[in-house]
$ cat start-v8.txt   # compact mmCIF, C-alpha atoms
# COMPACT_ATOMS: atom_id res chain seq x y z
CA MET Q 1 15.53 -91.92 25.90
CA PHE Q 2 17.77 -91.63 28.94
CA ALA Q 3 20.98 -89.73 28.33
CA THR Q 4 24.01 -88.17 29.87
CA GLY Q 5 26.81 -86.19 28.25
CA ILE Q 6 30.54 -85.56 28.19
CA GLU Q 7 31.10 -81.92 29.11
CA SER Q 8 32.89 -80.58 26.04
CA SER Q 9 32.98 -76.78 26.30
CA TYR Q 10 35.99 -75.08 24.69
CA PRO Q 11 35.61 -71.28 24.75
CA VAL Q 12 38.55 -68.88 24.66
CA ILE Q 13 38.93 -66.59 27.67
CA GLU Q 14 41.46 -63.98 28.73
CA GLY Q 15 44.29 -65.71 30.57
CA SER Q 16 46.05 -64.38 33.66
CA ASP Q 17 48.74 -62.87 31.42
CA GLY Q 18 46.16 -61.12 29.27
CA ALA Q 19 46.66 -63.48 26.33
CA PRO Q 20 43.83 -65.62 24.88
CA LEU Q 21 43.48 -68.96 26.67
CA ARG Q 22 41.54 -71.96 25.37
CA VAL Q 23 39.44 -73.62 28.10
CA ASP Q 24 39.01 -77.27 27.11
CA GLU Q 25 36.72 -79.13 29.53
CA MET Q 26 37.52 -82.53 28.02
CA GLU Q 27 41.16 -81.90 28.81
CA LYS Q 28 40.45 -80.64 32.31
CA ALA Q 29 38.32 -83.70 33.10
CA ASP Q 30 41.03 -86.02 31.65
CA HIS Q 31 38.61 -87.34 29.01
CA TYR Q 32 41.17 -87.41 26.20
CA ARG Q 33 43.15 -89.98 28.16
CA ARG Q 34 40.26 -91.86 29.80
CA TRP Q 35 37.63 -91.73 27.06
CA GLN Q 36 37.24 -95.51 26.78
CA GLU Q 37 36.66 -95.75 30.52
CA ASP Q 38 34.14 -92.90 30.35
CA LEU Q 39 32.13 -94.55 27.58
CA GLN Q 40 32.09 -97.79 29.53
CA LEU Q 41 30.75 -95.93 32.59
CA ALA Q 42 27.96 -94.48 30.46
CA HIS Q 43 27.13 -97.98 29.26
CA GLU Q 44 27.13 -99.38 32.81
CA ILE Q 45 24.76 -96.73 34.14
CA GLY Q 46 22.24 -97.75 31.49
CA VAL Q 47 21.81 -94.68 29.27
CA ASP Q 48 20.53 -95.01 25.72
CA ALA Q 49 22.24 -91.89 24.42
CA LEU Q 50 25.28 -89.72 25.03
CA ARG Q 51 25.50 -86.04 24.20
CA TYR Q 52 29.00 -85.85 22.80
CA GLY Q 53 30.90 -82.90 21.36
CA PRO Q 54 34.03 -83.88 19.43
CA PRO Q 55 36.57 -81.05 19.86
CA TRP Q 56 35.94 -78.97 16.75
CA HIS Q 57 39.00 -76.84 17.51
CA ARG Q 58 41.20 -79.97 17.38
CA VAL Q 59 39.50 -81.77 14.51
CA HIS Q 60 39.04 -78.99 11.92
CA LEU Q 61 42.59 -77.81 11.25
CA GLY Q 62 41.72 -75.45 8.42
CA PRO Q 63 39.53 -75.27 5.31
CA GLY Q 64 39.15 -78.84 4.09
CA ARG Q 65 41.71 -80.17 6.61
CA TYR Q 66 40.80 -82.56 9.44
CA ASP Q 67 42.37 -84.77 12.09
CA TRP Q 68 39.84 -87.54 12.74
CA GLU Q 69 42.01 -89.93 14.77
CA PHE Q 70 40.51 -89.27 18.22
CA THR Q 71 36.93 -88.93 16.96
CA ASP Q 72 37.15 -92.14 14.91
CA GLY Q 73 37.99 -94.11 18.05
CA VAL Q 74 35.22 -92.57 20.14
CA MET Q 75 32.49 -93.02 17.52
CA ALA Q 76 33.51 -96.64 16.88
CA GLU Q 77 33.33 -97.42 20.60
CA LEU Q 78 29.91 -95.77 20.96
CA GLN Q 79 28.68 -97.88 18.06
CA ARG Q 80 30.11 -101.03 19.67
CA LEU Q 81 28.42 -100.24 22.99
CA HIS Q 82 25.08 -99.50 21.24
CA ILE Q 83 24.95 -96.01 22.72
CA THR Q 84 23.28 -93.44 20.46
CA PRO Q 85 25.48 -90.36 20.07
CA ILE Q 86 23.85 -86.94 19.90
CA VAL Q 87 26.76 -85.17 18.23
CA ASP Q 88 27.39 -81.63 19.39
CA LEU Q 89 29.30 -79.85 16.61
CA CYS Q 90 29.92 -76.41 18.17
CA HIS Q 91 30.10 -76.07 21.96
CA PHE Q 92 30.84 -72.48 23.04
CA GLY Q 93 33.90 -72.01 20.82
CA VAL Q 94 35.45 -72.20 17.37
CA PRO Q 95 38.89 -73.24 16.02
CA ASP Q 96 41.54 -70.54 16.37
CA TRP Q 97 41.68 -70.02 12.61
CA VAL Q 98 37.94 -69.22 12.52
CA GLY Q 99 38.34 -66.46 15.11
CA ASN Q 100 35.06 -65.94 16.95
CA PHE Q 101 31.32 -65.52 16.51
CA GLN Q 102 31.64 -62.05 14.99
CA ASN Q 103 33.21 -63.63 11.90
CA PRO Q 104 30.58 -63.69 9.10
CA ASP Q 105 32.34 -66.74 7.62
CA PHE Q 106 31.82 -68.80 10.80
CA PRO Q 107 28.50 -70.30 9.53
CA ARG Q 108 30.18 -71.44 6.30
CA TRP Q 109 33.01 -73.19 8.14
CA LEU Q 110 30.68 -74.94 10.57
CA ALA Q 111 28.62 -76.17 7.61
CA GLU Q 112 31.77 -77.51 5.95
CA TYR Q 113 32.68 -79.38 9.15
CA ALA Q 114 29.13 -80.68 9.56
CA ARG Q 115 29.05 -82.09 6.02
CA ALA Q 116 32.45 -83.75 6.47
CA PHE Q 117 31.38 -85.24 9.80
CA ALA Q 118 28.14 -86.66 8.43
CA GLU Q 119 29.93 -88.17 5.43
CA ARG Q 120 32.55 -89.80 7.65
CA PHE Q 121 30.00 -91.25 10.10
CA PRO Q 122 26.93 -92.06 7.96
CA TRP Q 123 25.35 -94.20 10.70
CA ILE Q 124 24.91 -91.22 13.05
CA THR Q 125 21.46 -89.62 12.90
CA PHE Q 126 21.24 -87.21 15.88
CA TYR Q 127 23.02 -83.86 15.92
CA THR Q 128 23.13 -80.63 17.89
CA PRO Q 129 24.61 -78.22 15.32
CA VAL Q 130 25.23 -75.45 17.89
CA ASN Q 131 24.92 -75.92 21.63
CA GLU Q 132 22.99 -73.19 23.52
CA MET Q 133 23.09 -70.43 20.91
CA TYR Q 134 21.58 -67.88 23.30
CA VAL Q 135 24.14 -68.55 26.04
CA THR Q 136 26.98 -68.60 23.53
CA ALA Q 137 26.03 -65.16 22.22
CA LYS Q 138 25.26 -63.79 25.69
CA PHE Q 139 28.56 -64.83 27.25
CA SER Q 140 30.68 -64.03 24.17
CA ALA Q 141 29.18 -60.76 23.01
CA ARG Q 142 26.88 -59.30 25.69
CA LEU Q 143 28.71 -60.05 28.94
CA GLY Q 144 32.26 -59.97 27.57
CA MET Q 145 33.32 -63.30 29.09
CA TRP Q 146 34.26 -65.64 26.21
CA ASN Q 147 35.67 -65.69 22.71
CA GLU Q 148 35.32 -62.17 21.23
CA ARG Q 149 34.75 -60.89 24.80
CA LEU Q 150 32.56 -58.01 23.67
CA ALA Q 151 29.76 -56.36 25.64
CA SER Q 152 27.29 -54.55 23.40
CA GLU Q 153 23.85 -55.10 21.94
CA ARG Q 154 25.25 -54.87 18.39
CA ALA Q 155 27.88 -57.53 19.10
CA PHE Q 156 25.19 -59.71 20.66
CA VAL Q 157 22.87 -59.43 17.65
CA THR Q 158 25.80 -60.16 15.33
CA ALA Q 159 26.70 -63.28 17.29
CA VAL Q 160 23.09 -64.49 17.45
CA LYS Q 161 22.46 -64.08 13.73
CA HIS Q 162 25.72 -65.87 12.90
CA LEU Q 163 25.00 -68.70 15.34
CA ALA Q 164 21.44 -69.21 14.05
CA ARG Q 165 22.63 -69.05 10.44
CA ALA Q 166 25.38 -71.57 11.26
CA SER Q 167 22.81 -73.91 12.80
CA ILE Q 168 20.65 -73.74 9.67
CA LEU Q 169 23.53 -74.19 7.22
CA ALA Q 170 24.97 -77.07 9.25
CA THR Q 171 21.55 -78.73 9.35
CA GLU Q 172 21.18 -78.43 5.59
CA ALA Q 173 24.73 -79.73 5.03
CA ILE Q 174 24.14 -82.80 7.21
CA LEU Q 175 20.84 -83.59 5.48
CA LYS Q 176 22.64 -83.73 2.13
CA ALA Q 177 24.81 -86.53 3.51
CA GLN Q 178 22.31 -88.11 5.92
CA PRO Q 179 18.67 -87.52 4.87
CA ALA Q 180 17.39 -89.35 7.97
CA ALA Q 181 19.14 -86.99 10.40
CA ARG Q 182 17.27 -85.30 13.25
CA PHE Q 183 18.43 -82.23 15.14
CA VAL Q 184 18.28 -81.61 18.87
CA GLN Q 185 18.58 -77.83 19.40
CA SER Q 186 19.87 -77.84 22.95
CA GLU Q 187 19.04 -74.39 24.37
CA SER Q 188 18.98 -72.82 27.80
CA SER Q 189 15.42 -72.41 29.10
CA GLU Q 190 15.35 -69.02 30.78
CA TYR Q 191 12.86 -66.74 32.53
CA TYR Q 192 13.14 -63.21 33.94
CA HIS Q 193 10.90 -62.07 36.81
CA PRO Q 194 10.41 -58.30 37.36
CA VAL Q 195 11.04 -57.27 40.96
CA GLY Q 196 8.56 -54.40 40.69
CA PRO Q 197 6.40 -52.48 38.19
CA ASP Q 198 9.33 -50.31 37.14
CA ALA Q 199 11.23 -53.43 36.00
CA ILE Q 200 8.42 -54.88 33.86
CA GLY Q 201 9.64 -53.33 30.59
CA TYR Q 202 13.20 -54.58 30.96
CA ALA Q 203 12.06 -58.03 32.07
CA ARG Q 204 9.75 -58.20 29.04
CA HIS Q 205 12.68 -57.37 26.74
CA LEU Q 206 14.87 -60.05 28.32
CA ASN Q 207 12.04 -62.58 28.08
CA GLU Q 208 11.81 -61.91 24.35
CA LEU Q 209 15.59 -62.02 24.01
CA ARG Q 210 15.76 -65.53 25.52
CA PHE Q 211 13.77 -66.82 22.54
CA LEU Q 212 15.71 -64.94 19.88
CA ALA Q 213 18.18 -67.61 18.76
CA LEU Q 214 15.45 -70.25 18.44
CA ASP Q 215 13.09 -67.76 16.79
CA LEU Q 216 15.66 -67.19 14.06
CA ALA Q 217 16.63 -70.85 13.71
CA TYR Q 218 12.98 -71.95 13.51
CA GLY Q 219 11.79 -69.07 11.31
CA HIS Q 220 9.45 -67.76 14.02
CA ASP Q 221 8.37 -64.18 13.30
CA VAL Q 222 9.48 -61.97 16.18
CA SER Q 223 7.48 -59.13 17.74
CA GLY Q 224 7.59 -55.60 16.37
CA ARG Q 225 9.65 -54.46 19.36
CA MET Q 226 12.20 -57.21 18.79
CA TYR Q 227 12.40 -56.49 15.06
CA GLU Q 228 13.19 -52.85 15.87
CA PHE Q 229 15.88 -54.02 18.32
CA LEU Q 230 17.44 -56.22 15.64
CA ALA Q 231 17.34 -53.46 13.01
CA ASP Q 232 18.79 -50.93 15.46
CA ASN Q 233 21.70 -53.29 16.08
CA GLY Q 234 22.72 -54.20 12.58
CA MET Q 235 20.40 -56.89 11.22
CA THR Q 236 19.25 -56.10 7.71
CA ARG Q 237 15.86 -56.90 6.21
CA GLU Q 238 17.55 -59.43 3.89
CA GLU Q 239 19.25 -61.16 6.82
CA TYR Q 240 15.99 -61.40 8.72
CA HIS Q 241 14.18 -62.92 5.75
CA PHE Q 242 16.90 -65.54 5.39
CA PHE Q 243 15.61 -67.00 8.66
CA LEU Q 244 11.93 -66.71 7.75
CA ASP Q 245 12.49 -68.46 4.43
CA ARG Q 246 14.54 -71.48 5.62
CA GLY Q 247 12.47 -74.49 6.69
CA ILE Q 248 14.40 -76.76 9.05
CA LYS Q 249 11.93 -76.74 11.95
CA SER Q 250 10.22 -79.94 10.85
CA ARG Q 251 13.48 -81.87 11.34
CA CYS Q 252 14.08 -80.55 14.84
CA ILE Q 253 13.61 -81.67 18.43
CA MET Q 254 13.63 -78.80 20.91
CA GLY Q 255 16.19 -79.46 23.61
CA ASN Q 256 15.48 -77.58 26.84
CA ASP Q 257 18.29 -77.19 29.38
CA TYR Q 258 17.31 -76.21 32.90
CA TYR Q 259 19.47 -75.37 35.93
CA ALA Q 260 18.80 -73.58 39.20
CA THR Q 261 20.56 -70.58 37.62
CA ASN Q 262 18.16 -70.29 34.66
CA GLU Q 263 15.64 -67.99 36.38
CA HIS Q 264 16.41 -64.41 37.27
CA MET Q 265 15.03 -61.48 39.27
CA VAL Q 266 15.24 -58.25 37.24
CA TYR Q 267 15.57 -54.77 38.76
CA ALA Q 268 14.80 -51.45 37.08
CA ASN Q 269 18.47 -50.41 37.27
CA GLY Q 270 19.46 -53.42 35.14
CA LYS Q 271 20.67 -55.61 37.99
CA VAL Q 272 19.82 -59.29 37.55
CA ASP Q 273 19.90 -61.88 40.37
CA ILE Q 274 19.53 -65.64 40.16
CA CYS Q 275 16.43 -67.30 41.59
CA GLU Q 276 14.45 -70.52 41.18
CA MET Q 277 10.69 -70.03 41.16
CA PHE Q 278 8.79 -71.57 38.22
CA GLY Q 279 10.94 -74.62 37.53
CA TYR Q 280 11.37 -76.80 34.45
CA TYR Q 281 7.68 -77.59 33.96
CA MET Q 282 6.38 -74.05 33.57
CA ILE Q 283 9.28 -72.66 31.57
CA THR Q 284 9.47 -75.59 29.15
CA LYS Q 285 5.70 -75.31 28.65
CA GLN Q 286 6.26 -71.73 27.49
CA TYR Q 287 8.85 -72.84 24.94
CA TYR Q 288 6.65 -75.69 23.75
CA GLU Q 289 3.63 -73.44 23.28
CA ARG Q 290 5.76 -71.07 21.22
CA TYR Q 291 7.28 -73.64 18.86
CA ARG Q 292 5.10 -76.77 19.13
CA LEU Q 293 8.00 -79.18 18.69
CA PRO Q 294 8.82 -82.46 20.43
CA VAL Q 295 10.88 -81.78 23.54
CA MET Q 296 13.93 -83.37 25.11
CA HIS Q 297 15.28 -82.36 28.53
CA THR Q 298 18.88 -82.03 27.33
CA GLU Q 299 20.76 -80.76 30.40
CA THR Q 300 20.42 -80.48 34.14
CA ASN Q 301 22.53 -80.98 37.23
CA ASN Q 302 23.08 -79.58 40.70
CA ARG Q 303 26.00 -79.54 43.10
CA ASP Q 304 26.23 -82.76 45.04
CA GLU Q 305 26.59 -81.41 48.57
CA GLY Q 306 24.40 -84.06 50.19
CA ASP Q 307 22.28 -81.62 52.21
CA GLY Q 308 18.56 -81.08 51.62
CA GLU Q 309 17.92 -79.19 48.39
CA LYS Q 310 21.67 -79.26 47.76
CA ASP Q 311 21.57 -83.03 47.52
CA ALA Q 312 21.82 -83.72 43.80
CA ARG Q 313 19.47 -86.68 44.22
CA VAL Q 314 16.69 -84.31 45.32
CA TRP Q 315 17.29 -82.21 42.19
CA LEU Q 316 17.18 -85.32 40.00
CA GLU Q 317 13.83 -86.36 41.48
CA LYS Q 318 12.45 -82.86 41.03
CA GLN Q 319 13.49 -82.65 37.36
CA TRP Q 320 12.15 -86.10 36.57
CA SER Q 321 8.83 -85.32 38.26
CA ASN Q 322 8.54 -82.13 36.20
CA LEU Q 323 9.18 -84.12 33.04
CA VAL Q 324 6.61 -86.80 33.90
CA ARG Q 325 3.99 -84.12 34.57
CA LEU Q 326 4.75 -82.38 31.28
CA LYS Q 327 4.28 -85.65 29.44
CA SER Q 328 1.03 -86.32 31.28
CA ASP Q 329 -0.21 -82.87 30.25
CA GLY Q 330 0.33 -83.58 26.57
CA VAL Q 331 3.82 -82.27 25.83
CA PRO Q 332 5.65 -84.80 23.60
CA LEU Q 333 8.71 -85.62 25.71
CA LEU Q 334 11.43 -87.66 24.03
CA GLY Q 335 14.13 -87.92 26.67
CA PHE Q 336 15.92 -86.82 29.81
CA THR Q 337 19.58 -85.96 30.41
CA TRP Q 338 21.74 -85.57 33.51
CA TYR Q 339 24.70 -83.48 32.41
CA SER Q 340 27.41 -84.51 32.73
CA LEU Q 341 28.83 -88.01 33.16
CA THR Q 342 31.77 -86.83 35.27
CA ASP Q 343 32.41 -83.81 37.43
CA GLN Q 344 33.27 -80.56 35.69
CA VAL Q 345 36.05 -78.03 36.28
CA ASP Q 346 35.81 -74.24 36.85
CA TRP Q 347 32.13 -73.91 35.93
CA ASP Q 348 31.62 -72.09 39.25
CA SER Q 349 33.19 -69.09 37.48
CA SER Q 350 31.46 -69.86 34.14
CA LEU Q 351 34.89 -71.01 32.91
CA THR Q 352 36.35 -67.50 33.20
CA GLU Q 353 38.88 -68.44 35.90
CA ASN Q 354 41.45 -71.12 35.13
CA LYS Q 355 41.84 -72.42 38.70
CA GLY Q 356 41.22 -76.13 38.23
CA LYS Q 357 38.39 -76.12 40.78
CA VAL Q 358 36.37 -79.32 40.61
CA ASN Q 359 32.58 -78.84 40.50
CA ARG Q 360 30.65 -81.83 41.83
CA TYR Q 361 28.02 -81.97 39.09
CA GLY Q 362 28.70 -85.40 37.63
CA LEU Q 363 27.23 -88.86 37.92
CA TYR Q 364 30.85 -89.85 38.60
CA GLY Q 365 33.73 -87.99 40.20
CA LEU Q 366 36.92 -87.28 38.30
CA ASP Q 367 38.31 -90.40 39.97
CA ARG Q 368 35.56 -92.21 38.00
CA ARG Q 369 33.86 -93.42 41.19
CA ILE Q 370 30.08 -93.26 41.08
CA ARG Q 371 28.40 -90.51 43.09
CA PRO Q 372 25.13 -90.96 45.02
CA VAL Q 373 23.31 -89.14 42.22
CA GLY Q 374 24.86 -91.57 39.75
CA SER Q 375 23.42 -94.51 41.67
CA ALA Q 376 20.08 -92.71 41.88
CA TYR Q 377 20.03 -92.08 38.12
CA ARG Q 378 20.94 -95.70 37.39
CA ASP Q 379 18.05 -96.80 39.63
CA LEU Q 380 15.67 -94.32 37.99
CA ILE Q 381 16.54 -95.70 34.58
CA LYS Q 382 15.92 -99.27 35.76
CA THR Q 383 12.63 -98.31 37.41
CA TRP Q 384 11.22 -96.45 34.41
CA ARG Q 385 12.77 -98.46 31.58
CA HIS Q 386 9.72 -100.66 30.96
CA GLN Q 387 7.37 -97.68 30.80
CA VAL Q 388 9.74 -95.84 28.48
CA ASP Q 389 10.00 -98.87 26.20
CA ASN Q 390 6.20 -98.92 26.04
CA ASP Q 391 6.10 -95.50 24.40
CA PHE Q 392 5.82 -93.30 27.48
CA ILE Q 393 8.93 -91.50 26.31
CA CYS Q 394 10.48 -92.58 23.04
CA LEU Q 395 11.98 -91.33 19.82
CA GLY Q 396 9.54 -93.28 17.72

$ encode --input "start-v8.txt" --output "structure tokens"
Amino acid sequence: MFATGIESSYPVIEGSDGAPLRVDEMEKADHYRRWQEDLQLAHEIGVDALRYGPPWHRVHLGPGRYDWEFTDGVMAELQRLHITPIVDLCHFGVPDWVGNFQNPDFPRWLAEYARAFAERFPWITFYTPVNEMYVTAKFSARLGMWNERLASERAFVTAVKHLARASILATEAILKAQPAARFVQSESSEYYHPVGPDAIGYARHLNELRFLALDLAYGHDVSGRMYEFLADNGMTREEYHFFLDRGIKSRCIMGNDYYATNEHMVYANGKVDICEMFGYYMITKQYYERYRLPVMHTETNNRDEGDGEKDARVWLEKQWSNLVRLKSDGVPLLGFTWYSLTDQVDWDSSLTENKGKVNRYGLYGLDRRIRPVGSAYRDLIKTWRHQVDNDFICLG
């Protein structure tokens, strides 16, 4: 399954005046006005599926209250174009009335929204209940960048347990309305390399932490060290057993996102630098061996600077080659995604600066003109379509 996505992040950051500021990537990329054009571009490039996150903060107005007008139009057009939506219900933020990821009621409200969505669109079968749970918790509660803008281990554990619980409750709610649903847990695929022997312990901790959200969502028993970390930072025995006792893993597809920023060099003093060493193949293999689930490459991109490794087309070829090798080595690969359809805005600052800076990550520019990487992806789809249709990569 070849896919792209509409970048739909909507975290809350601290604005220049110190007041909370909603960052809405759909608004910044002019998608609310040009959505029909965008869906047509996705159709023309030849993708089978579109990762799409309806704006939860605009749709869910309060308990039991919804504004479906925009989403109704988008879903109807996707159905008309025969593009499979992979519906992303929570993408880095929550409605203002929910607050943030420290709110213990957040999982309940996401489940309510998920059930209402599935009942309104009974033909949709693919969902991502929560996009990148680990990154959401890390940026919101460990690095102090988004939403609650906290920076502590306790806040991080609280956010992770609420995000994983929300994913499970949303999954269960959707299955009540759509028993045939399948769930693509899009998650950042990370790895931490120790710079020296004195950094091994910290790198080991971070390499366990990267799995934590999926461990909880999939009911995977964590190590003794990680259990102590969770207990030390507020997770009760009863909360932990909630995750062990819920069985949603069998309905899931593991989505692995990989960017050049997903690998890190770790120093003994806690400093962490970005690097690219192992690549998608090796890191995804680690995740697969841990969970043994079908895999979909759910996000990748690189800046289109047209120069050597900075040419996005080179990155596309590298990611596709990694995927083909994984499939050849026995990993059940279900799809590939270049994310996103159009260029993004202000991701160079991880959305923390509201400058309107265009990031050249898309298959199309914000003028909706195709980029060289867009032409390359269209050609890749055409070249590999026959093999994909013959069960090389399929959803079965």

$ residues_around --input "start-v8.txt" --residues "Lys285 in chain Q" --least-positions-apart "4" --cutoff "10 Å" --atoms "all atoms listed in the file" --output "PyMOL selection string"
chain Q and resi 280-281+289-290+292+295+326+329+331

$ atom_distance --input "start-v8.txt" --atom1 "CA of Glu190 in chain Q" --atom2 "CA of Gln102 in chain Q"
23.7 Å

$ closest_residue --input "start-v8.txt" --among "Q:Leu78, Q:Leu175, Q:Met1, Q:Ala111" --to "Leu333 in chain Q" --atoms "all atoms listed in the file"
Q:Met1

$ residues_near_point --input "start-v8.txt" --point "(35.9, -73.4, 36.8)" --cutoff "12 Å" --atoms "all atoms listed in the file" --output "ChimeraX atom specification"
/Q:9,13,23-25,28-29,343-361

$ residues_around --input "start-v8.txt" --residues "range 126-139 of chain Q" --least-positions-apart "4" --cutoff "6 Å" --atoms "all atoms listed in the file" --output "short mmCIF file (atom, residue, chain, number, x, y, z; two decimals) with C-alpha atoms, keeping the file's coordinate frame"
data_model
loop_
_atom_site.label_atom_id
_atom_site.label_comp_id
_atom_site.auth_asym_id
_atom_site.auth_seq_id
_atom_site.Cartn_x
_atom_site.Cartn_y
_atom_site.Cartn_z
CA ILE Q 86 23.85 -86.94 19.90
CA VAL Q 87 26.76 -85.17 18.23
CA ASP Q 88 27.39 -81.63 19.39
CA LEU Q 89 29.30 -79.85 16.61
CA CYS Q 90 29.92 -76.41 18.17
CA HIS Q 91 30.10 -76.07 21.96
CA PHE Q 92 30.84 -72.48 23.04
CA LEU Q 143 28.71 -60.05 28.94
CA MET Q 145 33.32 -63.30 29.09
CA TRP Q 146 34.26 -65.64 26.21
CA PHE Q 156 25.19 -59.71 20.66
CA ALA Q 159 26.70 -63.28 17.29
CA VAL Q 160 23.09 -64.49 17.45
CA SER Q 167 22.81 -73.91 12.80
CA ALA Q 181 19.14 -86.99 10.40
CA ARG Q 182 17.27 -85.30 13.25
CA PHE Q 183 18.43 -82.23 15.14
CA VAL Q 184 18.28 -81.61 18.87
CA GLN Q 185 18.58 -77.83 19.40
CA SER Q 186 19.87 -77.84 22.95
CA GLU Q 187 19.04 -74.39 24.37
CA SER Q 188 18.98 -72.82 27.80
CA ALA Q 213 18.18 -67.61 18.76
#

$ closest_residue --input "start-v8.txt" --among "Q:Met75, Q:Ala49, Q:Leu214, Q:Leu230" --to "Tyr288 in chain Q" --atoms "only C-alpha atoms"
Q:Leu214

$ atom_distance --input "start-v8.txt" --atom1 "CA of Lys271 in chain Q" --atom2 "CA of Arg22 in chain Q"
29.4 Å

$ closest_residue --input "start-v8.txt" --among "Q:Tyr377, Q:Phe121, Q:Trp320, Q:Tyr10" --to "Pro85 in chain Q" --atoms "only C-alpha atoms"
Q:Phe121

$ closest_residue --input "start-v8.txt" --among "Q:Tyr66, Q:Asp198, Q:Ile168, Q:Glu263" --to "Gly247 in chain Q" --atoms "all atoms listed in the file"
Q:Ile168

$ residues_near_point --input "start-v8.txt" --point "(25.9, -98.5, 27.1)" --cutoff "12 Å" --atoms "only C-alpha atoms" --output "PyMOL selection string"
chain Q and resi 2-4+36-50+77-85+378

$ atom_distance --input "start-v8.txt" --atom1 "CA of Tyr339 in chain Q" --atom2 "CA of Lys249 in chain Q"
25.0 Å

$ closest_residue --input "start-v8.txt" --among "Q:Asn322, Q:Gln178, Q:Asn269, Q:Thr261" --to "Trp123 in chain Q" --atoms "all atoms listed in the file"
Q:Gln178

$ closest_residue --input "start-v8.txt" --among "Q:Ala268, Q:Leu169, Q:Pro179, Q:Thr300" --to "Arg246 in chain Q" --atoms "all atoms listed in the file"
Q:Leu169

$ decode --input "start-v8.txt" --residues "range 332-346 of chain Q" --atoms "N, CA and C atoms" --output "PDB file, in the first residue's frame"
ATOM      1  N   PRO Q 332       6.962  -8.828   7.627  1.00  0.00           N
ATOM      2  CA  PRO Q 332       5.730  -8.585   6.864  1.00  0.00           C
ATOM      3  C   PRO Q 332       5.461  -7.094   6.709  1.00  0.00           C
ATOM      4  N   LEU Q 333       5.825  -6.552   5.558  1.00  0.00           N
ATOM      5  CA  LEU Q 333       5.673  -5.127   5.271  1.00  0.00           C
ATOM      6  C   LEU Q 333       4.369  -4.884   4.531  1.00  0.00           C
ATOM      7  N   LEU Q 334       3.574  -3.948   5.014  1.00  0.00           N
ATOM      8  CA  LEU Q 334       2.259  -3.700   4.437  1.00  0.00           C
ATOM      9  C   LEU Q 334       2.171  -2.398   3.659  1.00  0.00           C
ATOM     10  N   GLY Q 335       3.148  -1.507   3.798  1.00  0.00           N
ATOM     11  CA  GLY Q 335       3.021  -0.255   3.067  1.00  0.00           C
ATOM     12  C   GLY Q 335       4.148   0.704   3.342  1.00  0.00           C
ATOM     13  N   PHE Q 336       4.148   1.772   2.546  1.00  0.00           N
ATOM     14  CA  PHE Q 336       5.185   2.805   2.595  1.00  0.00           C
ATOM     15  C   PHE Q 336       4.531   4.172   2.468  1.00  0.00           C
ATOM     16  N   THR Q 337       5.060   5.147   3.208  1.00  0.00           N
ATOM     17  CA  THR Q 337       4.454   6.478   3.242  1.00  0.00           C
ATOM     18  C   THR Q 337       5.522   7.565   3.125  1.00  0.00           C
ATOM     19  N   TRP Q 338       5.343   8.472   2.165  1.00  0.00           N
ATOM     20  CA  TRP Q 338       6.099   9.737   2.191  1.00  0.00           C
ATOM     21  C   TRP Q 338       5.190  10.771   2.844  1.00  0.00           C
ATOM     22  N   TYR Q 339       5.714  11.403   3.882  1.00  0.00           N
ATOM     23  CA  TYR Q 339       4.901  12.314   4.691  1.00  0.00           C
ATOM     24  C   TYR Q 339       5.547  13.692   4.675  1.00  0.00           C
ATOM     25  N   SER Q 340       4.919  14.670   4.083  1.00  0.00           N
ATOM     26  CA  SER Q 340       3.510  14.702   3.767  1.00  0.00           C
ATOM     27  C   SER Q 340       3.285  15.092   2.304  1.00  0.00           C
ATOM     28  N   LEU Q 341       1.991  15.214   1.941  1.00  0.00           N
ATOM     29  CA  LEU Q 341       1.641  15.550   0.567  1.00  0.00           C
ATOM     30  C   LEU Q 341       2.215  16.894   0.166  1.00  0.00           C
ATOM     31  N   THR Q 342       2.032  17.908   1.010  1.00  0.00           N
ATOM     32  CA  THR Q 342       2.538  19.246   0.723  1.00  0.00           C
ATOM     33  C   THR Q 342       3.626  19.619   1.728  1.00  0.00           C
ATOM     34  N   ASP Q 343       4.322  20.693   1.416  1.00  0.00           N
ATOM     35  CA  ASP Q 343       5.313  21.212   2.355  1.00  0.00           C
ATOM     36  C   ASP Q 343       4.668  21.532   3.698  1.00  0.00           C
ATOM     37  N   GLN Q 344       5.504  21.572   4.728  1.00  0.00           N
ATOM     38  CA  GLN Q 344       5.054  21.846   6.081  1.00  0.00           C
ATOM     39  C   GLN Q 344       5.538  23.237   6.500  1.00  0.00           C
ATOM     40  N   VAL Q 345       5.134  23.667   7.682  1.00  0.00           N
ATOM     41  CA  VAL Q 345       5.459  25.017   8.143  1.00  0.00           C
ATOM     42  C   VAL Q 345       5.950  24.962   9.593  1.00  0.00           C
ATOM     43  N   ASP Q 346       7.127  25.508   9.825  1.00  0.00           N
ATOM     44  CA  ASP Q 346       7.719  25.684  11.167  1.00  0.00           C
ATOM     45  C   ASP Q 346       8.136  24.388  11.851  1.00  0.00           C
TER      46      ASP Q 346
END
